[in-house]
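Novice: Submitted below is the structure of interest, expressed as structure tokens.
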Amino acid sequence: MMNRTADAFLFFRAWLSAPLRVASVTPSGRALSSLMTAEISAQTGTVIELGPGTGVFTEALLQRGVAEENLVLVEYGAEFANQLSNRFPAARTVQMDAARLRKLPIHAKAPVGAVVSGLPLLSMPSRKVLAIVEGAFSLLRHNGAFYQFTYGPRCPIARPLLDRLGLKATYVGWTFANIPPAAVYRITRRRLRQGVQSEASRSVTLW
């Protein structure tokens, strides 16, 4: 209880200082954490978490069986990064802007199978969202997934951006138990149709 109270205070203080960087005035609840990590397990491999904050999703990932040493925690806020390093010493905590994710050196025992994002994408310019998502998929294995929650009525990654990157968004679920209620989306690479694949193969061969 004391840890949760301290986390809530830290989160609220961070929100006051940078409301556009911190998604909410309070950490995500257990219902949202459970929904965000529902498809992740020990078999997922390395998991990158963007904007872990106080580590609510991180705790849920550990409960799903993900080894702490297979977690890469990318946090911009120094106050959160310091706490994460102390709370999850076996994980790799990196203090950096998620828009520079493409430059993140990965020294992992297993391929990156999932990216879990707690970032407030709706408050970011589209150019930054593009850099974050493109960077994430440069690190994800081919069948890996990017998980994003939102308080809005639709996927926070715009359709034109998804089309540009060859991605698709799938609705995972909604929870009213979180404050405020939130939805979760899974972003994955689109599968090319056989004819398109053949044409792409010919293009690669020709050029």
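Ordering of the structure tokens sets the chain letters (A, B, ...), residue numbers begin anew at 1 in every chain, and ligands are numbered from 1 in the order given.
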Mind checking which residues fall within 12 Å of Val112 (chain A), counting only C-alpha atoms, ignoring those fewer than 5 positions away in the same chain, and posting them as a list in words?

Specialist: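 In the requested form, the answer reads Ile40, Ala42, Gln43, Thr44, Gly45, Thr46, Val47, Ile48, Glu49, Val66, Asn70, Leu71, Val72, Ile106, His107, Ala136, Phe137, Ser138, Leu139, Leu140, Arg141, His142, Asn143, Gly144, Ala145 and Phe146 of chain A.
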
Novice: Include N, CA and C atoms and write out the residues we just selected as an mmCIF file, in the first residue's frame.

Specialist:
data_model
loop_
_atom_site.group_PDB
_atom_site.id
_atom_site.type_symbol
_atom_site.label_atom_id
_atom_site.label_comp_id
_atom_site.auth_asym_id
_atom_site.auth_seq_id
_atom_site.Cartn_x
_atom_site.Cartn_y
_atom_site.Cartn_z
ATOM 1 N N ILE A 40 1.218 -11.889 -23.831
ATOM 2 C CA ILE A 40 2.663 -12.003 -23.637
ATOM 3 C C ILE A 40 2.972 -13.071 -22.603
ATOM 4 N N ALA A 42 6.402 -16.069 -21.239
ATOM 5 C CA ALA A 42 7.839 -16.341 -21.194
ATOM 6 C C ALA A 42 8.377 -16.666 -22.586
ATOM 7 N N GLN A 43 7.509 -17.185 -23.474
ATOM 8 C CA GLN A 43 7.934 -17.560 -24.822
ATOM 9 C C GLN A 43 8.049 -16.355 -25.764
ATOM 10 N N THR A 44 7.611 -15.193 -25.328
ATOM 11 C CA THR A 44 7.656 -14.004 -26.184
ATOM 12 C C THR A 44 9.081 -13.575 -26.473
ATOM 13 N N GLY A 45 9.975 -13.844 -25.547
ATOM 14 C CA GLY A 45 11.369 -13.431 -25.710
ATOM 15 C C GLY A 45 11.607 -12.101 -25.034
ATOM 16 N N THR A 46 12.438 -11.272 -25.629
ATOM 17 C CA THR A 46 12.730 -9.960 -25.067
ATOM 18 C C THR A 46 11.531 -9.032 -25.266
ATOM 19 N N VAL A 47 11.206 -8.276 -24.233
ATOM 20 C CA VAL A 47 10.105 -7.315 -24.289
ATOM 21 C C VAL A 47 10.661 -5.924 -24.006
ATOM 22 N N ILE A 48 10.367 -4.984 -24.895
ATOM 23 C CA ILE A 48 10.746 -3.585 -24.690
ATOM 24 C C ILE A 48 9.518 -2.838 -24.186
ATOM 25 N N GLU A 49 9.679 -2.127 -23.086
ATOM 26 C CA GLU A 49 8.572 -1.326 -22.565
ATOM 27 C C GLU A 49 8.914 0.146 -22.740
ATOM 28 N N VAL A 66 7.621 -13.404 -18.000
ATOM 29 C CA VAL A 66 8.768 -12.812 -18.694
ATOM 30 C C VAL A 66 9.900 -12.638 -17.686
ATOM 31 N N ASN A 70 15.031 -10.210 -19.419
ATOM 32 C CA ASN A 70 14.541 -10.072 -20.796
ATOM 33 C C ASN A 70 13.719 -8.809 -20.994
ATOM 34 N N LEU A 71 13.763 -7.908 -20.015
ATOM 35 C CA LEU A 71 13.032 -6.651 -20.106
ATOM 36 C C LEU A 71 13.977 -5.499 -20.405
ATOM 37 N N VAL A 72 13.592 -4.656 -21.374
ATOM 38 C CA VAL A 72 14.314 -3.426 -21.670
ATOM 39 C C VAL A 72 13.333 -2.283 -21.420
ATOM 40 N N ILE A 106 20.601 -3.255 -28.952
ATOM 41 C CA ILE A 106 19.973 -4.388 -28.273
ATOM 42 C C ILE A 106 21.022 -5.462 -28.019
ATOM 43 N N HIS A 107 21.254 -5.747 -26.754
ATOM 44 C CA HIS A 107 22.151 -6.836 -26.361
ATOM 45 C C HIS A 107 21.303 -7.820 -25.562
ATOM 46 N N ALA A 136 10.370 1.033 -33.239
ATOM 47 C CA ALA A 136 9.972 -0.203 -32.565
ATOM 48 C C ALA A 136 10.008 -1.391 -33.520
ATOM 49 N N PHE A 137 9.495 -1.202 -34.742
ATOM 50 C CA PHE A 137 9.455 -2.316 -35.691
ATOM 51 C C PHE A 137 10.813 -2.601 -36.324
ATOM 52 N N SER A 138 11.745 -1.679 -36.183
ATOM 53 C CA SER A 138 13.109 -1.983 -36.625
ATOM 54 C C SER A 138 13.785 -2.943 -35.661
ATOM 55 N N LEU A 139 13.256 -3.050 -34.447
ATOM 56 C CA LEU A 139 13.825 -3.935 -33.428
ATOM 57 C C LEU A 139 13.030 -5.224 -33.254
ATOM 58 N N LEU A 140 11.741 -5.185 -33.581
ATOM 59 C CA LEU A 140 10.881 -6.354 -33.407
ATOM 60 C C LEU A 140 11.177 -7.443 -34.423
ATOM 61 N N ARG A 141 11.107 -8.696 -33.985
ATOM 62 C CA ARG A 141 11.206 -9.795 -34.937
ATOM 63 C C ARG A 141 9.988 -9.755 -35.868
ATOM 64 N N HIS A 142 10.016 -10.556 -36.932
ATOM 65 C CA HIS A 142 9.017 -10.426 -37.990
ATOM 66 C C HIS A 142 7.588 -10.597 -37.466
ATOM 67 N N ASN A 143 7.359 -11.548 -36.573
ATOM 68 C CA ASN A 143 6.004 -11.785 -36.072
ATOM 69 C C ASN A 143 5.777 -11.129 -34.709
ATOM 70 N N GLY A 144 6.599 -10.154 -34.370
ATOM 71 C CA GLY A 144 6.441 -9.458 -33.098
ATOM 72 C C GLY A 144 5.280 -8.474 -33.136
ATOM 73 N N ALA A 145 4.887 -7.985 -31.960
ATOM 74 C CA ALA A 145 3.733 -7.092 -31.858
ATOM 75 C C ALA A 145 4.028 -5.890 -30.972
ATOM 76 N N PHE A 146 3.380 -4.797 -31.317
ATOM 77 C CA PHE A 146 3.474 -3.539 -30.576
ATOM 78 C C PHE A 146 2.122 -3.323 -29.904
#

Novice: Ranking A:Ser126, A:Val115, A:Arg191, A:Ala98 by minimum distance to Pro160 (chain A) and counting only C-alpha atoms, which one comes first?

Specialist: A:Ser126

Novice: Find, counting only C-alpha atoms, the residue in A:Pro180, A:Gly55, A:Pro153, A:Pro105 that gets nearest to Gly118 (chain A).

Specialist: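 Checking each candidate against Gly118 (chain A), we get A:Gly55 as the closest.
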
Novice: So what do you get for CA of Leu162 (chain A) versus CA of Ser123 (chain A), distance-wise?

Specialist: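 About the pair CA of Leu162 (chain A) and CA of Ser123 (chain A): they are 17.5 Å apart.
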
Novice: Between CA of Phe149 (chain A) and CA of Ser41 (chain A), measure the distance and give it in Å to one decimal.

Specialist: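 Those two atoms sit 18.5 Å apart.
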
Novice: Restricting the calculation to only C-alpha atoms: of A:Ala67, A:Ile132, A:Leu73, A:Leu50, which residue gets closest to Lys103 (chain A)?

Specialist: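 Ranking A:Ala67, A:Ile132, A:Leu73, A:Leu50 by distance to Lys103 (chain A), first place goes to A:Ile132.
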
Novice: Apply DSSP to the backbone of this structure and, from region 42-172 of chain A, keep only the residues in strand (DSSP E); write these as a PyMOL selection string.

Specialist: chain A and resi 46-50+71-75+92-95+112-117+140-150+167-172

Novice: Hey, can you check how far CA of Ala78 (chain A) sits from CA of Gln95 (chain A)?

Specialist: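 Between these atoms lies a distance of 6.9 Å.
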
Novice: May I have all residues of region 28-153 of chain A that DSSP, computed from the backbone, assigns to helix (DSSP H, G or I), given as a PyMOL selection string?

Specialist: chain A and resi 30-36+42-44+56-63+68-70+78-87+98-103+121-123+126-139

Novice: Calculated over only C-alpha atoms, which of the candidates A:Gln63, A:Thr37, A:Asn86, A:Thr93 has the smallest distance to Tyr185 (chain A)?

Specialist: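 For Tyr185 (chain A), the nearest of the given residues is A:Thr37.
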
Novice: As a PDB file with N, CA and C atoms, in the first residue's frame, please: the residues near Val172 (chain A) (cut-off 10 Å, only C-alpha atoms, same-chain neighbours under 3 positions excluded).

Specialist:
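Result file is selection.pdb:
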ATOM      1  N   LEU A  35      -4.813  -6.500 -19.294  1.00  0.00           N
ATOM      2  CA  LEU A  35      -5.215  -6.489 -20.701  1.00  0.00           C
ATOM      3  C   LEU A  35      -4.022  -6.220 -21.616  1.00  0.00           C
ATOM      4  N   MET A  36      -3.144  -5.322 -21.210  1.00  0.00           N
ATOM      5  CA  MET A  36      -1.970  -4.978 -22.025  1.00  0.00           C
ATOM      6  C   MET A  36      -1.015  -6.155 -22.186  1.00  0.00           C
ATOM      7  N   ALA A  38      -1.870  -9.503 -21.773  1.00  0.00           N
ATOM      8  CA  ALA A  38      -2.597 -10.770 -21.886  1.00  0.00           C
ATOM      9  C   ALA A  38      -1.995 -11.730 -22.901  1.00  0.00           C
ATOM     10  N   GLU A  39      -1.399 -11.209 -23.977  1.00  0.00           N
ATOM     11  CA  GLU A  39      -0.878 -12.060 -25.045  1.00  0.00           C
ATOM     12  C   GLU A  39       0.632 -12.302 -24.930  1.00  0.00           C
ATOM     13  N   TYR A 147       2.108  -3.206 -28.581  1.00  0.00           N
ATOM     14  CA  TYR A 147       0.860  -3.039 -27.841  1.00  0.00           C
ATOM     15  C   TYR A 147       0.749  -1.610 -27.322  1.00  0.00           C
ATOM     16  N   GLN A 148      -0.394  -0.984 -27.576  1.00  0.00           N
ATOM     17  CA  GLN A 148      -0.610   0.411 -27.191  1.00  0.00           C
ATOM     18  C   GLN A 148      -2.005   0.557 -26.587  1.00  0.00           C
ATOM     19  N   PHE A 149      -2.082   1.277 -25.481  1.00  0.00           N
ATOM     20  CA  PHE A 149      -3.403   1.566 -24.928  1.00  0.00           C
ATOM     21  C   PHE A 149      -3.776   3.014 -25.220  1.00  0.00           C
ATOM     22  N   ALA A 169      -3.698  -2.494 -37.286  1.00  0.00           N
ATOM     23  CA  ALA A 169      -4.076  -2.411 -35.881  1.00  0.00           C
ATOM     24  C   ALA A 169      -5.243  -3.349 -35.610  1.00  0.00           C
ATOM     25  N   ALA A 183      -8.699   1.392 -23.856  1.00  0.00           N
ATOM     26  CA  ALA A 183      -8.710   0.305 -24.835  1.00  0.00           C
ATOM     27  C   ALA A 183      -7.284  -0.054 -25.204  1.00  0.00           C
ATOM     28  N   VAL A 184      -7.081  -1.289 -25.633  1.00  0.00           N
ATOM     29  CA  VAL A 184      -5.756  -1.776 -26.019  1.00  0.00           C
ATOM     30  C   VAL A 184      -5.793  -2.251 -27.468  1.00  0.00           C
ATOM     31  N   TYR A 185      -4.746  -1.890 -28.224  1.00  0.00           N
ATOM     32  CA  TYR A 185      -4.611  -2.314 -29.616  1.00  0.00           C
ATOM     33  C   TYR A 185      -3.285  -3.033 -29.812  1.00  0.00           C
ATOM     34  N   ARG A 186      -3.320  -4.035 -30.711  1.00  0.00           N
ATOM     35  CA  ARG A 186      -2.112  -4.749 -31.112  1.00  0.00           C
ATOM     36  C   ARG A 186      -1.754  -4.288 -32.527  1.00  0.00           C
ATOM     37  N   ILE A 187      -0.518  -3.838 -32.704  1.00  0.00           N
ATOM     38  CA  ILE A 187      -0.043  -3.399 -34.019  1.00  0.00           C
ATOM     39  C   ILE A 187       0.943  -4.432 -34.538  1.00  0.00           C
TER      40      ILE A 187
END
